[in-house]
Structure formats: structure tokens, C-alpha cells
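Enquirer: The structure is given below, and queries will be raised subsequently.
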Amino acid sequence: MRGKGIQNSVQHMDSLPPAIPADRSAGNDWLTFEGRVLNMLQVSAWVRIVVATIIVAGILFAMPNALPDNIRAKLPSWLPTSTVSLGLDLQGGSSVLLEVEFDQVIKDRMDSMVGDIRRTLRKEHVAYKFIPGSGETISVQIIDTAQFDTALELIKGLNSTVGGATFGGARQYDITQPGQSTVTLKMSDAYKKYVKEDVVSRSIEVVRKRVDELGTKEPSIEQQGSDRIIVQVPGLRDPSHLLQILQTTAKMTFQMVDDTADTVAAMRGAVPIGDELLPEQKDRTGQQPPPVLVEKRVLISGDRLKDAGWTTDQQTGLVVVTLKFDSVGAKEFADITKDNVGRRFAIVLDKTVLTAPRIDEPILGGQAIIKGSFTVQTANDLAAMLRAGALPAPLKPIEQTTVGPELGRDSIDAGSVATVAGLILVAFFMFLRYGLFGIFADIAMGLNLILLLAVLTTLGATLTLPGIAGIVLTMGMAVDANVLIFERMREEQRNGRSMLGSIDTGERRAIATIIDANATHLIAALILFELGSGPVRGFAVTLGLGIITSFFTAVMVTRLIVIGWLHVAKPKKLII
């Protein structure tokens, strides 16, 4: 058995390809040579088809980026025409950093709790009075101590759990009893954290809807820290207009006008209980009308709106804003107008009365019109904000930046020069170091750049200046795998292997190292994307995608190029 094993080992060593015969006219020898190429560097037909399909598709999807607009517009409909989107630093545009103001949100939540306590205790005929406290504390004194236990249970029933299991089932308020007849509620830390996270996420969603309503292309809206939102809109030249749209809370309510009270006395400070004095929107001449005394009770809130738009009044020719309620809002609006014919109905936006028309007849269609001193721009902005919904909290601008297109063009030119220079230098080094095999690696690197651009275009990714830096870094990394393979081939050749044996074994033994190197780079890119923001994410995206495409081109494409060269050139020896 041992002798047979030695014999099999000798036969295996003899199976290594011999040197190529000098007489190329020996057809049988060359058929044998090609058979060895197919056996040792075997790549199935379907793999070749897949690789060729990916390369052709990459060229087609990347091609529009190199074509001018007039030629791209003439391309057939079945060809891709999309180009990679340019970021703010390349295209120019506006950037606004906003801070979410939570003080008003906390106050509204506390006022809501006070109202709930008041209604509940009155319903159960429990005598009470509120004791003034801090902004996050509510103190209620029960007048009749015999009703204290009943009142305590009622108040505890209003103290619901925060956000489910995420916050460990914590209550909204910590309830204490500092005295025998006093109950104190203090907003819990878990509830404040929940409110902040909820308000920020809802604010981002509303901001995104408003920016999309403006018709801008490829906006970037991201959270920074715990309470800030950065909005970047490439191509937008007027940050003040963007800021005006984003800062408006757009909280719309429908309230009745109190025509029975004395407005003049209210302006002097004698506002009736249950009413509030609100300013009215300026008219078309810029004059400020007198304030309007409205009931505090909100009959319909803006969240009942289904759609909003603008049109021109056929009778007056003025621009008006149209409103359409959902099914519940339409029924509420019909009931209100039916029960209040002859009274004035105030449409309030952010504590300002837009209009206060008189109800002449019931409005049953679930639609309404806001008349005021609107221009087409202001009407369109208001309709867009109403469609997007009200902001859950005011947004305070911290920083606003405008990047001109000239600076963006300079960045593009600088990035292009860096990319081309890096491509030329790497290609030249590979040629000097590895000769013909270096040219193979350069071809694979060029295809890698095309595939990376195609993937960015297909995914709709935004290319920024850090993204260009990621592309330049990817080009250097793209040849790392080829360097590992070629050096391994040299080592196998020095160890006495034949040409085909060196190529095949060198590539197979280098694959494990290539996979490890690319995996660590990809993990680093994923960490940068997850923990970073803005420019760091742009760098991480191009770096991660470049790692994937470079692995494909360095391993698969280079291998197919080498096999094709062996079939065509039929070399005698490996020169690398």
C-alpha cells in the first residue's frame, strides 16, 4: 500500500504541465496544451456568460455619465439614461442645520395632562385645586380628604405606560404624595426620552415631505446628535425660502369666533374665560386687521385634512387655498357648519387667523376654501405644508450655508484630476512591475471604475467630494488583489512549478488572503456608514461598493483575461 501511494504521488508530480514545445507546428502538442489550460484553469460557460453580462450592463449604465445632455436625450428609450446624482459640495445648493425645540412640546404635554385631570375630576365631582409648580411638575390638592383615595386612583388611571417594552414599561409621570391631600406628578425621564425621540423622528418625516413638495431633487435629510436635523438641498439657491418653509409649524385648527364678547375689552386684557385673542393675517395692501376673539375649543384639527391645493377664485380672480377633509373630518365639518349657520368660523394657522368667514349654509361636501392675501407662491407653500402635516415641535435654525455652483465645479474638476492622476500612476506602476500581467490588472481596474459608477447610478446614490476620495482609494485597493496573485505566481514559479501550475496554484492560494483583506475593509466601511453622517457616509458608500466591485474584477475578470491570453498567445514560459 505504501509503494502504491508513492507511485500515485510520482504520477501526480508528472501530471504537472511540461514546458511548451518549441515547434509550434506540432498541432497535437498544442491541443494537449489547450486541454491542460481548460483542466487547470477551468471556468464554466455560465460563469463566463454572467461575467460578460455584468460587464456589458455596467458599461451601459455608466455610459450616460460620460455623455452630454443633448446626446443623452436622443438615446433610445430602452437604454439607461440616468446619471449619478451630485451632492451639495459638487453641485452647489443650500444647507440648513435645525434644532428641535422641546420646551414647547413638554409644555403642551403638561397642559394636556392638566386638562385630562380637570375633566376627569369634574366628571366624578371631586373638588380640587392646582398648586403652581415647575414646568415639569403638576400638583393637585384635593379639597375633601375623604375623596383623596378616589382622586388618586383616577389620576393613576390617566398615567399610562410609555412606548411599550422599549422603555421597560415605565410610566409617563412619577406620582408622589407630599401631603395628606396633595398629589404631585413629575414627568419621568423615560417619558421625556420617548417624547424627544418621537418628536425628532416625526419632525424628520414632516421636513422630508415638505422638501419633496418643493420639487427639489435628491435632498439629504439626516439627524445629527439627539436634537438636530441637517437638511441639504442640491441646486437650491435660496436658503431663506427653504428656511421659511421648514420653520413654519403649520398647525391648523378650526375654531368658532366668539361674536358675543367685547373684542375691544379683550384687547385691553379682559379676555373671557375659554376664549383667546388671535391676530389676523395682513390683507393684500399690507394693513393689519384688528385681532379676532375665538373660542379656545378646537372643533377640527389639521390632521383631518386629506389634501390641500390652490386655485383661482372664478368670481374674484384671487388666489385661494383649497382643503379636502377625510371621511371623519368631512362629517365633523358638516355637523359644525349645520349647527352654526350665521356664525363666523375661524381657520387658524400657527395662532394666526387666516380667514374668518360667516357660515351662510351647511357645507356637506367635505371641502373648504381659504381666502386671504395669497400669491401663487404663498398659496402653493401653504398647501404643501398642509399636505405634509404639522411639525410636532418648532425648529430653530442653528446654521445655514449656501454653496455656489462655481465652488462645486472646482470640486468636480479637482476630483476628476485626482481620479485620472491616480488611475494613470497606478496603471503605470503595475505595468513597470508586472509587464503584460500589469496591463491585465489595469484593464480590470478600468472595468472596476466603470462598474462602480454604474452601481452608484443604479442605486441613485449621491456622489460627494468624500465619495470621490473613496473612488480614488478604491482604485489603489483594486490592484491589491492582483498584486497578491501575481506575487504568489512568482513564488510558485521560483519553487519549480510549470507555467500553468504557477498560474493556477498562485491564484488559488492567494484567494483566501484576498477574501480576508476585502472582508476587513468592508467591515470598516460598514462601521463608518453606521456611525458616521453626511460626508463620512458618502465616503463609506463608495468605499464599500468599490471593495465589492474590485473583488469581482480582480478575481473573475483578470482570471478570464489570463485564460484568453493563454489560448490566443500560447506562451512558452511565464514572464511576470
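All residue names refer to the C-alpha cells as shown: chains lettered A, B, ... in order, residues numbered from 1 in each chain, ligands numbered from 1 in order.
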Which residues in segment 85-268 of chain A does DSSP call strand (DSSP E or B)? List them as a VMD selection string.
Expert: chain A and resid 85 to 86 93 to 100 128 to 131 137 to 142 161 171 173 to 179 182 to 187 220 to 224 228 to 234 252 to 257
Enquirer: So the first atom is atom CA of Arg537 of chain A and the second is atom CA of Ile59 of chain A; what is the distance between them in Å, to one decimal place?
Expert: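 Separating atom CA of Arg537 of chain A from atom CA of Ile59 of chain A is a distance of 25.7 Å.
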Enquirer: Of the residues A:Met489, A:Val56, A:Leu452, A:Ile443, which is the one nearest to Ile575 of chain A, using only C-alpha atoms?
Expert: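 Closest candidate: A:Met489.
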Enquirer: Kindly provide the residues of segment 453-555 of chain A that approach segment 48-54 of chain A to within 12 Å, each paired with its closest atom pair and their distance in Å to one decimal, based on only C-alpha atoms, listed by chain and increasing number, as a Markdown table.
Expert:
```
| residue | atom | partner | partner_atom | distance |
| --- | --- | --- | --- | --- |
| A:Ala454 | CA | A:Ile54 | CA | 10.3 |
| A:Val455 | CA | A:Ile54 | CA | 10.8 |
| A:Thr549 | CA | A:Ile54 | CA | 10.6 |
| A:Phe552 | CA | A:Val51 | CA | 8.9 |
| A:Thr553 | CA | A:Val51 | CA | 9.2 |
| A:Val555 | CA | A:Val51 | CA | 11.1 |
```
Enquirer: Set the distance at 10 Å and use only C-alpha atoms: which residues neighbour Ser95 of chain A once local chain neighbours fewer than 6 positions away are removed? I'd like the list as a list in words.
Expert: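 Skipping anything fewer than 6 positions along the chain leaves Leu88, Pro219, Ser220, Ile221, Ile230, Val231, Gln232, Val233, Pro234, Leu236, Arg237, Pro239, Leu242, Leu243, Glu399, Gln400, Thr401, Thr402 and Val403 of chain A.
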Enquirer: Go ahead and write the residues just picked, N, CA and C atoms, as a compact mmCIF listing (two decimals), in the first residue's frame.
Expert:
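Okay, out-v8.txt is ready:
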```txt
# COMPACT_ATOMS: atom_id res chain seq x y z
N LEU A 88 -24.19 68.25 -2.51
CA LEU A 88 -24.19 69.70 -2.32
C LEU A 88 -22.82 70.31 -2.60
N PRO A 219 -32.70 65.57 -2.13
CA PRO A 219 -32.36 66.22 -0.87
C PRO A 219 -31.78 65.22 0.12
N SER A 220 -30.96 65.71 1.03
CA SER A 220 -30.38 64.88 2.08
C SER A 220 -30.88 65.41 3.42
N ILE A 221 -31.61 64.57 4.16
CA ILE A 221 -32.20 64.96 5.44
C ILE A 221 -31.78 63.93 6.47
N ILE A 230 -30.13 68.08 9.89
CA ILE A 230 -29.43 68.80 8.83
C ILE A 230 -30.15 68.51 7.51
N VAL A 231 -30.45 69.57 6.78
CA VAL A 231 -31.16 69.48 5.51
C VAL A 231 -30.25 70.06 4.43
N GLN A 232 -29.93 69.25 3.44
CA GLN A 232 -29.10 69.69 2.31
C GLN A 232 -29.89 69.49 1.03
N VAL A 233 -30.04 70.58 0.28
CA VAL A 233 -30.83 70.54 -0.95
C VAL A 233 -29.92 71.01 -2.10
N PRO A 234 -29.34 70.07 -2.86
CA PRO A 234 -28.51 70.48 -4.01
C PRO A 234 -29.32 71.24 -5.04
N LEU A 236 -30.56 74.23 -4.87
CA LEU A 236 -31.42 75.30 -4.34
C LEU A 236 -30.56 76.50 -3.98
N ARG A 237 -30.86 77.63 -4.56
CA ARG A 237 -30.01 78.82 -4.39
C ARG A 237 -30.53 79.77 -3.31
N PRO A 239 -31.63 79.78 0.42
CA PRO A 239 -31.85 79.09 1.70
C PRO A 239 -32.91 79.76 2.56
N LEU A 242 -36.20 78.14 1.82
CA LEU A 242 -36.22 76.81 2.43
C LEU A 242 -36.42 76.92 3.93
N LEU A 243 -35.75 77.87 4.56
CA LEU A 243 -35.84 78.04 6.00
C LEU A 243 -37.26 78.46 6.40
N GLU A 399 -27.55 76.97 11.80
CA GLU A 399 -26.55 77.33 10.78
C GLU A 399 -27.16 77.14 9.41
N GLN A 400 -26.86 78.07 8.51
CA GLN A 400 -27.29 77.91 7.13
C GLN A 400 -26.13 78.27 6.20
N THR A 401 -25.96 77.46 5.16
CA THR A 401 -24.82 77.60 4.26
C THR A 401 -25.32 77.51 2.82
N THR A 402 -24.73 78.33 1.98
CA THR A 402 -25.01 78.27 0.55
C THR A 402 -23.71 78.00 -0.19
N VAL A 403 -23.70 76.95 -1.00
CA VAL A 403 -22.54 76.59 -1.80
C VAL A 403 -22.83 76.96 -3.24
```
Enquirer: In Å, how far is it from atom CA of Ser181 of chain A to atom CA of Ile142 of chain A?
Expert: 5.4 Å
Enquirer: List as JSON, numbers by chain the protein and nucleic acid residues near segment 252-263 of chain A, meaning an atom at most 6 Å away when only C-alpha atoms are counted, but skip any in the same chain fewer than 5 places from it.
Expert: {"A": [293, 294, 295, 298, 299, 300, 301, 302, 344, 345, 346, 347, 348, 349]}
Enquirer: Generate a file of the selected residues that holds N, CA and C atoms, formatted as a PDB file, in the first residue's frame.
Expert:
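Output file out.pdb is given in full below:
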```
ATOM      1  N   LEU A 293     -61.377  87.471  18.287  1.00  0.00           N
ATOM      2  CA  LEU A 293     -61.612  86.753  19.533  1.00  0.00           C
ATOM      3  C   LEU A 293     -62.251  85.407  19.191  1.00  0.00           C
ATOM      4  N   VAL A 294     -61.543  84.321  19.432  1.00  0.00           N
ATOM      5  CA  VAL A 294     -62.037  82.995  19.070  1.00  0.00           C
ATOM      6  C   VAL A 294     -62.112  82.120  20.314  1.00  0.00           C
ATOM      7  N   GLU A 295     -62.965  81.115  20.237  1.00  0.00           N
ATOM      8  CA  GLU A 295     -63.075  80.142  21.322  1.00  0.00           C
ATOM      9  C   GLU A 295     -61.867  79.208  21.307  1.00  0.00           C
ATOM     10  N   VAL A 298     -61.002  73.565  20.068  1.00  0.00           N
ATOM     11  CA  VAL A 298     -60.712  73.211  18.670  1.00  0.00           C
ATOM     12  C   VAL A 298     -61.789  72.250  18.190  1.00  0.00           C
ATOM     13  N   LEU A 299     -62.492  72.653  17.132  1.00  0.00           N
ATOM     14  CA  LEU A 299     -63.574  71.821  16.598  1.00  0.00           C
ATOM     15  C   LEU A 299     -63.035  70.765  15.637  1.00  0.00           C
ATOM     16  N   ILE A 300     -62.108  71.162  14.781  1.00  0.00           N
ATOM     17  CA  ILE A 300     -61.458  70.225  13.859  1.00  0.00           C
ATOM     18  C   ILE A 300     -59.978  70.575  13.828  1.00  0.00           C
ATOM     19  N   SER A 301     -59.133  69.568  13.912  1.00  0.00           N
ATOM     20  CA  SER A 301     -57.683  69.793  13.818  1.00  0.00           C
ATOM     21  C   SER A 301     -57.195  69.513  12.397  1.00  0.00           C
ATOM     22  N   GLY A 302     -55.994  69.997  12.108  1.00  0.00           N
ATOM     23  CA  GLY A 302     -55.453  69.864  10.754  1.00  0.00           C
ATOM     24  C   GLY A 302     -55.143  68.449  10.342  1.00  0.00           C
ATOM     25  N   ARG A 344     -69.498  83.053  12.650  1.00  0.00           N
ATOM     26  CA  ARG A 344     -68.217  83.109  11.955  1.00  0.00           C
ATOM     27  C   ARG A 344     -67.347  81.939  12.394  1.00  0.00           C
ATOM     28  N   PHE A 345     -66.586  81.425  11.420  1.00  0.00           N
ATOM     29  CA  PHE A 345     -65.787  80.215  11.612  1.00  0.00           C
ATOM     30  C   PHE A 345     -64.338  80.568  11.298  1.00  0.00           C
ATOM     31  N   ALA A 346     -63.431  80.484  12.289  1.00  0.00           N
ATOM     32  CA  ALA A 346     -62.040  80.915  12.105  1.00  0.00           C
ATOM     33  C   ALA A 346     -61.172  79.731  11.694  1.00  0.00           C
ATOM     34  N   ILE A 347     -60.394  79.939  10.630  1.00  0.00           N
ATOM     35  CA  ILE A 347     -59.375  78.965  10.214  1.00  0.00           C
ATOM     36  C   ILE A 347     -58.036  79.512  10.695  1.00  0.00           C
ATOM     37  N   VAL A 348     -57.427  78.810  11.667  1.00  0.00           N
ATOM     38  CA  VAL A 348     -56.255  79.314  12.377  1.00  0.00           C
ATOM     39  C   VAL A 348     -55.031  78.490  11.984  1.00  0.00           C
ATOM     40  N   LEU A 349     -53.950  79.188  11.637  1.00  0.00           N
ATOM     41  CA  LEU A 349     -52.671  78.538  11.318  1.00  0.00           C
ATOM     42  C   LEU A 349     -51.597  79.127  12.207  1.00  0.00           C
TER      43      LEU A 349
END
```
Enquirer: When you look at Thr464 of chain A with a cut-off of 8 Å (counting only C-alpha atoms), what residues show up, excluding the ones that are within fewer than 4 positions of it in the same chain? I need them as an mmCIF file with N, CA and C atoms, in the first residue's frame.
Expert:
```cif
data_model
loop_
_atom_site.group_PDB
_atom_site.id
_atom_site.type_symbol
_atom_site.label_atom_id
_atom_site.label_comp_id
_atom_site.auth_asym_id
_atom_site.auth_seq_id
_atom_site.Cartn_x
_atom_site.Cartn_y
_atom_site.Cartn_z
ATOM 1 N N LEU A 86 -25.182 64.414 -8.016
ATOM 2 C CA LEU A 86 -24.080 65.140 -7.381
ATOM 3 C C LEU A 86 -24.546 65.746 -6.072
ATOM 4 N N GLY A 87 -23.701 65.674 -5.067
ATOM 5 C CA GLY A 87 -24.027 66.214 -3.760
ATOM 6 C C GLY A 87 -23.909 67.718 -3.706
ATOM 7 N N LEU A 88 -24.190 68.248 -2.512
ATOM 8 C CA LEU A 88 -24.187 69.696 -2.325
ATOM 9 C C LEU A 88 -22.821 70.306 -2.598
ATOM 10 N N ASP A 89 -21.748 69.612 -2.197
ATOM 11 C CA ASP A 89 -20.413 70.177 -2.364
ATOM 12 C C ASP A 89 -19.945 70.144 -3.814
ATOM 13 N N LEU A 90 -20.607 69.382 -4.667
ATOM 14 C CA LEU A 90 -20.237 69.311 -6.079
ATOM 15 C C LEU A 90 -21.174 70.108 -6.971
ATOM 16 N N ILE A 468 -15.711 60.918 -3.941
ATOM 17 C CA ILE A 468 -14.645 60.869 -4.942
ATOM 18 C C ILE A 468 -13.353 60.363 -4.297
ATOM 19 N N PRO A 535 -20.773 63.596 5.063
ATOM 20 C CA PRO A 535 -19.632 63.254 4.211
ATOM 21 C C PRO A 535 -19.005 61.906 4.537
ATOM 22 N N GLY A 538 -20.947 59.287 2.788
ATOM 23 C CA GLY A 538 -20.662 59.281 1.357
ATOM 24 C C GLY A 538 -19.368 58.562 1.044
ATOM 25 N N PHE A 539 -18.344 58.778 1.879
ATOM 26 C CA PHE A 539 -17.079 58.069 1.714
ATOM 27 C C PHE A 539 -17.265 56.573 1.926
#
```
Enquirer: Report as number ranges by chain all protein, DNA and RNA residues lying within 12 Å of Tyr434 of chain A, evaluated on only C-alpha atoms, omitting residues in the same chain fewer than 6 positions from it.
Expert: A: 426-428, 440-442, 479, 482-487, 489-490, 574-576
Enquirer: Just list the residues in segment 44-277 of chain A DSSP gives helix (DSSP H, G or I) on the backbone, as a PyMOL selection string.
Expert: chain A and resi 45-66+69-73+88-91+103-123+145-158+164-167+189-213+239-247+263-267
Enquirer: Determine the nearest neighbour of Gln91 of chain A from the options A:Arg559, A:Lys209, A:Lys192, A:Arg409, counting only C-alpha atoms.
Expert: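 Among the listed residues, the smallest separation from Gln91 of chain A belongs to A:Arg409.
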Enquirer: Please provide the set of residues having any atom within 9 Å of segment 62-66 of chain A, restricted to only C-alpha atoms, with same-chain residues fewer than 3 positions apart removed, written as a list in words.
Expert: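 Here the answer would be Ala57, Gly58, Ile59, Asp69, Ile71, Arg72, Pro80, Thr81, Ser82, Thr83, Val84, Ile450, Leu451, Leu452, Leu453, Ala454, Val455, Leu456, Thr457 and Thr458 of chain A.
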Enquirer: Which residue, A:Glu153, A:Asp516, A:Ala444, A:Ala525, has the smallest gap to Ile561 of chain A when you use only C-alpha atoms?
Expert: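 Among the listed residues, the smallest separation from Ile561 of chain A belongs to A:Ala444.
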Enquirer: I'd like the interatomic distance between atom CA of Phe429 of chain A and atom CA of Val43 of chain A, to a tenth of an Å.
Expert: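 Computed distance, atom CA of Phe429 of chain A to atom CA of Val43 of chain A, equals 29.1 Å.
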